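Visitor: Take a look at the following structure, please.
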2 protein chains.
Amino acid sequence: MLNTLSLPTIVIYMKKQLLIIISCMTIHVIAHAQNADSLMLRALFNETMSHSGAYENLRVLCKEIGPRLSGSANAEKAVQTTYEMMKRAGADTVYKQPCMVPRWERGSKESGFVMLHDGSKRMLKLCALGNAVSTSKKGLHAEVVEVRSFGQLDSIGAIGISGKIVFFNFPMNPNYLHTFRAYGESGVSRWNGPSQAARYGAVGAMVRSLSSNTDAYPHTGVLGYNDSFPKIPAIAISTMDAEWLSTQISNHHIKDVWFKTSCTMLSDAPSFNVIGEIRGTEHPEEIITIGGHLDSWDLGEGAHDDGAGCMQTIEMLRSFKALHLNPKRTIRFVMYMNEENGGRGGDAYLAGAKKNNENHLFAIESDAGGFSPRGFSLSVSPQQYAAVQSWLPLLAPYEIDRISQGGSGSDIENLSEIGAALAGLRPDSQRYFDVHHAATDVFESVSKRELDLGSFAMAALVYLVDRHGL
Amino acid sequence: MLNTLSLPTIVIYMKKQLLIIISCMTIHVIAHAQNADSLMLRALFNETMSHSGAYENLRVLCKEIGPRLSGSANAEKAVQTTYEMMKRAGADTVYKQPCMVPRWERGSKESGFVMLHDGSKRMLKLCALGNAVSTSKKGLHAEVVEVRSFGQLDSIGAIGISGKIVFFNFPMNPNYLHTFRAYGESGVSRWNGPSQAARYGAVGAMVRSLSSNTDAYPHTGVLGYNDSFPKIPAIAISTMDAEWLSTQISNHHIKDVWFKTSCTMLSDAPSFNVIGEIRGTEHPEEIITIGGHLDSWDLGEGAHDDGAGCMQTIEMLRSFKALHLNPKRTIRFVMYMNEENGGRGGDAYLAGAKKNNENHLFAIESDAGGFSPRGFSLSVSPQQYAAVQSWLPLLAPYEIDRISQGGSGSDIENLSEIGAALAGLRPDSQRYFDVHHAATDVFESVSKRELDLGSFAMAALVYLVDRHGL
């Protein structure tokens, strides 16, 4: 063919050939590196799946300690227990990083009921929202107004709201594949609802629990008061009660509502992040952070939220040590305090990093439950995103190769200030809001294999970042 | 540029342009069709996630009926109840297809213990294996030999085995991502172990339960006696007991074992597959079959295995009807009887298809649990595989786009005889063997959203097969 072609065509042809040769060489080099990585990931996988201690550690955290709201005696026990676990897992150093935490207590007197026009009464499954103020000792008694959007609240306005309890009935949209999207959309009712109701003179707020299903459990969680408006008592009611109440309101059967809470915000208390380290062999000054949060809500055992993330973090440390996998960079294994109602642990970690002028390359958090992992969310530059994409063939055999841009974890997102690339472990989200912030978030709701797979997923990504940089 | 190129180059260039134009046109047509499909899949998704009846139907099947071993009164209740469910879901026709089923009964007298040399005794958590013969009324009392492979059994041989109970300790390999692979490998201990032991004169077989984890429950399941050897009593023991026993045997602490079972194989009983149909509008003679199996083991409620598959099947029927989605081909919704210990329902379905000279295009079964779906296994021709691959962009938004060649479902695999393309729904498998064939396979172990997603996944694939053929 060549002899029939003109010179420019020949040049193009030769360039192409050269490109093919260079491509082949590059592929060869990449293939070689990827093969070594592939073998190491397989070793990490087998080590984790065969010898993980995460499930037994989680049992101890959930069953021997239990709920661990910031500032509580249990939270301090959890600090001590996980400090010891981190040591046993083989960290080069383990230390506690001090932070002051808000100390909100639920108290023991929560109850409420609905009065119907026919004189009958229905008790509610309820709980105070985290950080809320309490009612007076005799409780709060008022008519109730249901709203399904903030637009509706605004259009009812002060005339319809003043002196009443606002019932925010924002169901989680079942038509989103990822339940976190529905949580984000409906969660505004809990975060902003109470103050938005207070703005129009409401005396209390009742929020439909943020649960994917219709169940009998109230799901708590933090609210955010807006200082411009009065702080009013606020509770979550179970989705089952919310469904019932909504129907009764439509049928004009409801006279009024009474509820009482006994929560208090005490003065800040000293607490700690628990941090373990493996010191880097080549670039000890470059830091990779992996973690979860140690505090939990008080209604369950904080098994998925976020005992799972903590125990996966410790397990990754154990598996690296078991395989004598000495990282080039320093890896920090961090259990943050106070993610649920203040974020002070994350703040303290950033402050420490700034104070010591640390070089943070990458941080990842597991705070979306100990479910079967699917991949990672990334908050990284386009170049870094492309680098992670080039590793997907290594992650695909473990079915953890779904990546998306945006989102990491609330304890680490502030590390973007000092230039860290960020990631979040993304497990299957279907069951998370069945148990989230409720009495059902217990050890028994966690699967050993799913928990271990999540630990491996983080270990795999951290291994690749450590080895190849980002 | 053109004026500097030679004629052949110009021809090549023009051919390329033409190719690009044709490609663009093809892409346009495909994009148009895919957009219509994409909208329909979204409608199916929303319909299922917002209005599915699968979870409530599963509650009825599990809680109001319960375990439904072939030939039992419960199995017949399940036939009647699901027949009514299928009618309510809106099938054009619903009918019962007769089949004779084996009737194995466990009886009420199962127990056993291990005697140690120090005179102490440990009770075992055990159950007879399905279709096994029973011990005599006074039970079976013998020394025990542990084996970890058939090779080891062979090398011990008759001298070491004769007159003894063989303990098959084949743990499921935790290092496989997909638990079904481990089940396949270790499952030979249950299927073939008893007869292989009998071959060397063993008087009984104890099999380590096929559970992914170390738990306290015996997991039953069918064995397959080889008619060349004596039929010996066979039980499963919990993985916890298996671990303990293995350690004690290593330490030479075990004197002998006693166990008793009271199971019986009665004469065959009449039963049914339950079948609903939506008749095709364009090619009613071409049949697409979707299904699960109605019978279950007797220890739990058969929630994941396979109440889930049945209720997903009925839900798909409901969603098609709710959306007035009139298929071109005839769709059969089949709940097979007797998958667990005979496969007679599947046999009857094939026999019916042959007798009526039916044209079976495609069949899919959901019999791997009601967990979050990941994709499909396919037993199809390379051309058909390519067709399914071309649909993956439509399935990807729902994260059900992992396909693999090989495997469908045990009730439908015989349909390959009459040329049907086959598929199996492939949910996440991590938790399946936690509950499989054990007392823990109950309604509470199923997540509503995961169940509904599985139903949608099958509906999506069936919709595409119906619309585009295969």
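Identifiers for the structure tokens are assigned positionally: chains receive A, B, ... in sequence, residues are indexed from 1 per chain, and ligands are indexed from 1 in the order shown.
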Within 9 Å of Asp452 (chain A), counting only C-alpha atoms, which residues qualify if same-chain residues fewer than 5 places away don't, as a list in words?
Guide: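 The residues that qualify are Thr48, Met49, Ser52, Gly53, Ala54, Tyr55, Gln312, Glu315, Gly370, Ser372, Ser447 and Ala457 of chain A.
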Visitor: Can I get the selected residues back with N, CA and C atoms, as an mmCIF file, in the first residue's frame?
Guide:
data_model
loop_
_atom_site.group_PDB
_atom_site.id
_atom_site.type_symbol
_atom_site.label_atom_id
_atom_site.label_comp_id
_atom_site.auth_asym_id
_atom_site.auth_seq_id
_atom_site.Cartn_x
_atom_site.Cartn_y
_atom_site.Cartn_z
ATOM 1 N N THR A 48 -8.176 -9.387 54.959
ATOM 2 C CA THR A 48 -9.345 -8.789 55.605
ATOM 3 C C THR A 48 -10.478 -9.794 55.730
ATOM 4 N N MET A 49 -10.776 -10.479 54.647
ATOM 5 C CA MET A 49 -11.929 -11.385 54.673
ATOM 6 C C MET A 49 -11.685 -12.601 55.565
ATOM 7 N N SER A 52 -10.214 -10.496 59.668
ATOM 8 C CA SER A 52 -10.643 -9.196 60.205
ATOM 9 C C SER A 52 -11.112 -9.288 61.655
ATOM 10 N N GLY A 53 -10.759 -8.282 62.404
ATOM 11 C CA GLY A 53 -11.256 -8.173 63.773
ATOM 12 C C GLY A 53 -12.371 -7.146 63.907
ATOM 13 N N ALA A 54 -12.811 -6.575 62.779
ATOM 14 C CA ALA A 54 -13.761 -5.457 62.830
ATOM 15 C C ALA A 54 -15.089 -5.842 63.480
ATOM 16 N N TYR A 55 -15.584 -7.016 63.149
ATOM 17 C CA TYR A 55 -16.906 -7.417 63.632
ATOM 18 C C TYR A 55 -16.890 -7.636 65.146
ATOM 19 N N GLN A 312 -13.837 -0.359 60.811
ATOM 20 C CA GLN A 312 -13.205 -0.550 59.495
ATOM 21 C C GLN A 312 -11.841 0.134 59.471
ATOM 22 N N GLU A 315 -9.436 -1.895 61.456
ATOM 23 C CA GLU A 315 -9.139 -3.127 60.722
ATOM 24 C C GLU A 315 -8.147 -2.863 59.587
ATOM 25 N N GLY A 370 -22.128 0.377 57.480
ATOM 26 C CA GLY A 370 -21.245 -0.769 57.225
ATOM 27 C C GLY A 370 -21.852 -1.735 56.228
ATOM 28 N N SER A 372 -22.497 -3.287 52.113
ATOM 29 C CA SER A 372 -21.685 -3.764 50.989
ATOM 30 C C SER A 372 -21.192 -2.565 50.163
ATOM 31 N N SER A 447 -23.794 -6.814 58.923
ATOM 32 C CA SER A 447 -23.314 -8.091 58.383
ATOM 33 C C SER A 447 -21.787 -8.100 58.427
ATOM 34 N N ALA A 457 -12.287 -2.011 51.015
ATOM 35 C CA ALA A 457 -12.445 -0.987 49.961
ATOM 36 C C ALA A 457 -11.596 0.241 50.290
#
Visitor: Just the alpha helix (DSSP H) stuff from region 132-182 of chain B, please, per backbone DSSP, written as a ChimeraX atom specification.
Guide: /B:150-161,179-182
Visitor: Keeping only C-alpha atoms, write the selected residues to a file as a compact mmCIF listing (two decimals), in the first residue's frame.
Guide:
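Full text of part_13.txt as output:
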# COMPACT_ATOMS: atom_id res chain seq x y z
CA PHE B 150 -12.90 -35.84 49.70
CA GLY B 151 -9.24 -36.56 49.05
CA GLN B 152 -8.72 -36.89 52.79
CA LEU B 153 -11.77 -39.17 53.04
CA ASP B 154 -10.37 -41.40 50.30
CA SER B 155 -6.95 -41.55 51.93
CA ILE B 156 -8.40 -42.55 55.29
CA GLY B 157 -10.49 -45.19 53.51
CA ALA B 158 -12.62 -48.01 54.88
CA ILE B 159 -10.23 -48.97 57.69
CA GLY B 160 -10.56 -45.59 59.33
CA ILE B 161 -14.14 -44.84 58.33
CA THR B 179 -20.61 -16.25 48.27
CA PHE B 180 -22.31 -18.55 45.76
CA ARG B 181 -18.86 -19.59 44.56
CA ALA B 182 -17.94 -20.69 48.08
Visitor: Kindly provide, as a PyMOL selection string, the residues of chain A having any atom no farther than 9 Å from an atom of chain B, counting only C-alpha atoms.
Guide: chain A and resi 4-9+45-50+173-177+212-213+372+397-399+428+430-431+434+447-450+453
Visitor: Quick one: residues within 12 Å of region 237-241 of chain A, only C-alpha atoms counted, chain neighbours fewer than 4 positions away excluded, as a ChimeraX atom specification?
Guide: /A:110-114,122-129,167-172,190,205-221,245-249,259,433-434,437-439
Visitor: Print the selection's residues with N, CA and C atoms to a file, as a short mmCIF file (atom, residue, chain, number, x, y, z; two decimals), in the first residue's frame.
Guide:
data_model
loop_
_atom_site.label_atom_id
_atom_site.label_comp_id
_atom_site.auth_asym_id
_atom_site.auth_seq_id
_atom_site.Cartn_x
_atom_site.Cartn_y
_atom_site.Cartn_z
N GLU A 110 -39.66 11.84 78.09
CA GLU A 110 -40.16 12.20 76.77
C GLU A 110 -41.47 11.47 76.53
N SER A 111 -42.52 12.18 76.22
CA SER A 111 -43.76 11.50 75.82
C SER A 111 -44.68 12.50 75.16
N GLY A 112 -45.72 11.97 74.54
CA GLY A 112 -46.64 12.87 73.87
C GLY A 112 -47.84 12.11 73.34
N PHE A 113 -48.90 12.85 73.07
CA PHE A 113 -50.09 12.21 72.50
C PHE A 113 -50.86 13.22 71.66
N VAL A 114 -51.77 12.65 70.89
CA VAL A 114 -52.66 13.44 70.06
C VAL A 114 -54.07 13.30 70.63
N ARG A 122 -54.24 9.29 71.26
CA ARG A 122 -53.25 8.33 70.71
C ARG A 122 -51.86 8.76 71.14
N MET A 123 -51.17 7.83 71.78
CA MET A 123 -49.80 8.10 72.19
C MET A 123 -48.91 8.15 70.94
N LEU A 124 -47.87 8.95 70.99
CA LEU A 124 -46.95 9.07 69.87
C LEU A 124 -45.61 8.41 70.20
N LYS A 125 -45.00 7.80 69.21
CA LYS A 125 -43.61 7.34 69.34
C LYS A 125 -42.76 8.54 68.95
N LEU A 126 -42.09 9.11 69.91
CA LEU A 126 -41.38 10.35 69.63
C LEU A 126 -40.04 10.41 70.35
N CYS A 127 -39.23 11.33 69.95
CA CYS A 127 -37.99 11.65 70.66
C CYS A 127 -37.63 13.10 70.37
N ALA A 128 -36.96 13.73 71.33
CA ALA A 128 -36.50 15.09 71.09
C ALA A 128 -35.43 15.06 70.00
N LEU A 129 -35.38 16.11 69.19
CA LEU A 129 -34.28 16.24 68.22
C LEU A 129 -33.02 16.66 68.96
N PHE A 167 -46.24 20.57 62.21
CA PHE A 167 -45.90 19.18 61.88
C PHE A 167 -45.31 19.16 60.47
N PHE A 168 -43.97 18.97 60.41
CA PHE A 168 -43.28 18.89 59.12
C PHE A 168 -43.36 17.46 58.60
N ASN A 169 -44.16 17.26 57.57
CA ASN A 169 -44.35 15.92 57.03
C ASN A 169 -43.68 15.85 55.66
N PHE A 170 -42.37 15.66 55.67
CA PHE A 170 -41.57 15.62 54.44
C PHE A 170 -41.08 14.18 54.23
N PRO A 171 -41.88 13.33 53.58
CA PRO A 171 -41.43 11.94 53.39
C PRO A 171 -40.17 11.88 52.54
N MET A 172 -39.35 10.89 52.79
CA MET A 172 -38.19 10.66 51.92
C MET A 172 -38.69 10.13 50.59
N ARG A 190 -35.83 18.72 59.33
CA ARG A 190 -35.26 18.56 60.67
C ARG A 190 -34.24 19.66 60.97
N ALA A 205 -42.22 22.18 67.26
CA ALA A 205 -42.13 21.53 65.93
C ALA A 205 -42.11 20.02 66.10
N MET A 206 -42.87 19.36 65.23
CA MET A 206 -42.87 17.89 65.16
C MET A 206 -42.41 17.54 63.76
N VAL A 207 -41.40 16.70 63.67
CA VAL A 207 -40.84 16.38 62.36
C VAL A 207 -41.07 14.89 62.07
N ARG A 208 -41.53 14.60 60.87
CA ARG A 208 -41.64 13.20 60.44
C ARG A 208 -40.24 12.61 60.43
N SER A 209 -40.04 11.46 61.03
CA SER A 209 -38.71 10.84 61.07
C SER A 209 -38.16 10.63 59.68
N LEU A 210 -36.86 10.78 59.55
CA LEU A 210 -36.20 10.58 58.26
C LEU A 210 -35.85 9.10 58.12
N SER A 211 -36.87 8.33 57.78
CA SER A 211 -36.72 6.89 57.59
C SER A 211 -37.21 6.56 56.19
N SER A 212 -36.51 5.62 55.52
CA SER A 212 -36.94 5.24 54.16
C SER A 212 -38.27 4.50 54.18
N ASN A 213 -38.58 3.91 55.32
CA ASN A 213 -39.77 3.06 55.40
C ASN A 213 -40.77 3.58 56.40
N THR A 214 -41.90 2.94 56.41
CA THR A 214 -42.91 3.25 57.42
C THR A 214 -42.65 2.32 58.60
N ASP A 215 -42.11 2.89 59.68
CA ASP A 215 -41.82 2.07 60.85
C ASP A 215 -42.26 2.77 62.13
N ALA A 216 -42.12 2.05 63.24
CA ALA A 216 -42.67 2.55 64.51
C ALA A 216 -41.63 3.27 65.36
N TYR A 217 -40.46 3.58 64.79
CA TYR A 217 -39.38 4.16 65.60
C TYR A 217 -39.16 5.64 65.28
N PRO A 218 -39.03 6.47 66.32
CA PRO A 218 -38.59 7.83 66.04
C PRO A 218 -37.09 7.82 65.73
N HIS A 219 -36.71 8.60 64.72
CA HIS A 219 -35.30 8.73 64.32
C HIS A 219 -34.85 10.13 64.72
N THR A 220 -33.90 10.22 65.62
CA THR A 220 -33.44 11.54 66.07
C THR A 220 -32.42 12.10 65.09
N GLY A 221 -31.67 13.10 65.52
CA GLY A 221 -30.69 13.76 64.65
C GLY A 221 -30.68 15.22 65.05
N LEU A 245 -51.22 10.49 61.51
CA LEU A 245 -51.57 11.86 61.88
C LEU A 245 -52.01 12.67 60.66
N SER A 246 -51.29 12.48 59.57
CA SER A 246 -51.61 13.21 58.34
C SER A 246 -53.02 12.88 57.86
N THR A 247 -53.35 11.59 57.91
CA THR A 247 -54.70 11.17 57.50
C THR A 247 -55.76 11.78 58.42
N GLN A 248 -55.48 11.74 59.73
CA GLN A 248 -56.45 12.26 60.69
C GLN A 248 -56.63 13.77 60.53
N ILE A 249 -55.53 14.46 60.23
CA ILE A 249 -55.62 15.90 60.01
C ILE A 249 -56.47 16.19 58.77
N PHE A 259 -47.00 17.35 74.01
CA PHE A 259 -45.76 16.57 74.21
C PHE A 259 -44.85 17.25 75.21
N PHE A 433 -31.22 4.17 56.04
CA PHE A 433 -32.22 4.99 56.74
C PHE A 433 -33.33 4.15 57.37
N ASP A 434 -33.19 2.83 57.31
CA ASP A 434 -34.05 1.97 58.14
C ASP A 434 -33.64 2.11 59.61
N HIS A 437 -30.01 6.73 63.23
CA HIS A 437 -30.39 7.58 64.38
C HIS A 437 -31.56 7.01 65.17
N ALA A 438 -31.81 5.72 65.04
CA ALA A 438 -32.96 5.11 65.72
C ALA A 438 -32.50 3.98 66.64
N ALA A 439 -33.44 3.47 67.42
CA ALA A 439 -33.13 2.38 68.35
C ALA A 439 -32.72 1.11 67.62
#
Visitor: Write out as a PyMOL selection string each polymer residue whose atoms come within 8 Å of Thr81 (chain A), counting only C-alpha atoms; drop sequence neighbours fewer than 4 positions from it.
Guide: chain A and resi 61+77+85
Visitor: Would you put the residues from that selection into a file with N, CA and C atoms, as a CSV table (one decimal), in the first residue's frame?
Guide:
chain,number,residue,atom,x,y,z
A,61,LEU,N,-17.8,-2.6,71.0
A,61,LEU,CA,-18.2,-1.1,71.1
A,61,LEU,C,-19.7,-1.0,71.3
A,77,LYS,N,-15.7,6.1,77.7
A,77,LYS,CA,-15.3,4.7,77.6
A,77,LYS,C,-14.9,4.3,76.2
A,85,MET,N,-7.7,-0.7,71.3
A,85,MET,CA,-7.9,-1.5,70.1
A,85,MET,C,-6.9,-1.1,69.1
Visitor: Quick check for you: according to DSSP on this backbone, which residues of region 76-303 of chain A are classed as strand (DSSP E)? Reply as an MDAnalysis selection string.
Guide: chainID A and resid 93:105 111:116 121:123 126:128 140:142 144:147 165:168 204:208 234:237 254:260 264:278 283:293
Visitor: Between CA of Gly187 (chain A) and CA of Arg148 (chain A), what is the spacing in Å?
Guide: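 Those two atoms sit 12.4 Å apart.
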Visitor: Please provide the set of residues having any atom within 10 Å of Ile412 (chain A), restricted to only C-alpha atoms, with same-chain residues fewer than 2 positions apart removed, written as a PyMOL selection string.
Guide: chain A and resi 289-292+336+343+345-347+349-350+362-365+408-410+414-416+420-424
Visitor: Quick one: residues within 8 Å of Glu340 (chain B), only C-alpha atoms, excluding same-chain residues fewer than 2 positions away - as an MDAnalysis selection string?
Guide: chainID B and resid 221:222 295:297 338 342:343
Visitor: When you look at Lys121 (chain A) with a cut-off of 10 Å (counting only C-alpha atoms), what residues show up, excluding the ones that are within fewer than 3 positions of it in the same chain? I need them as a PyMOL selection string.
Guide: chain A and resi 113-118+124+254-257
Visitor: I'd like the interatomic distance between CA of Glu105 (chain B) and CA of Ala75 (chain B), to a tenth of an Å.
Guide: 12.7 Å
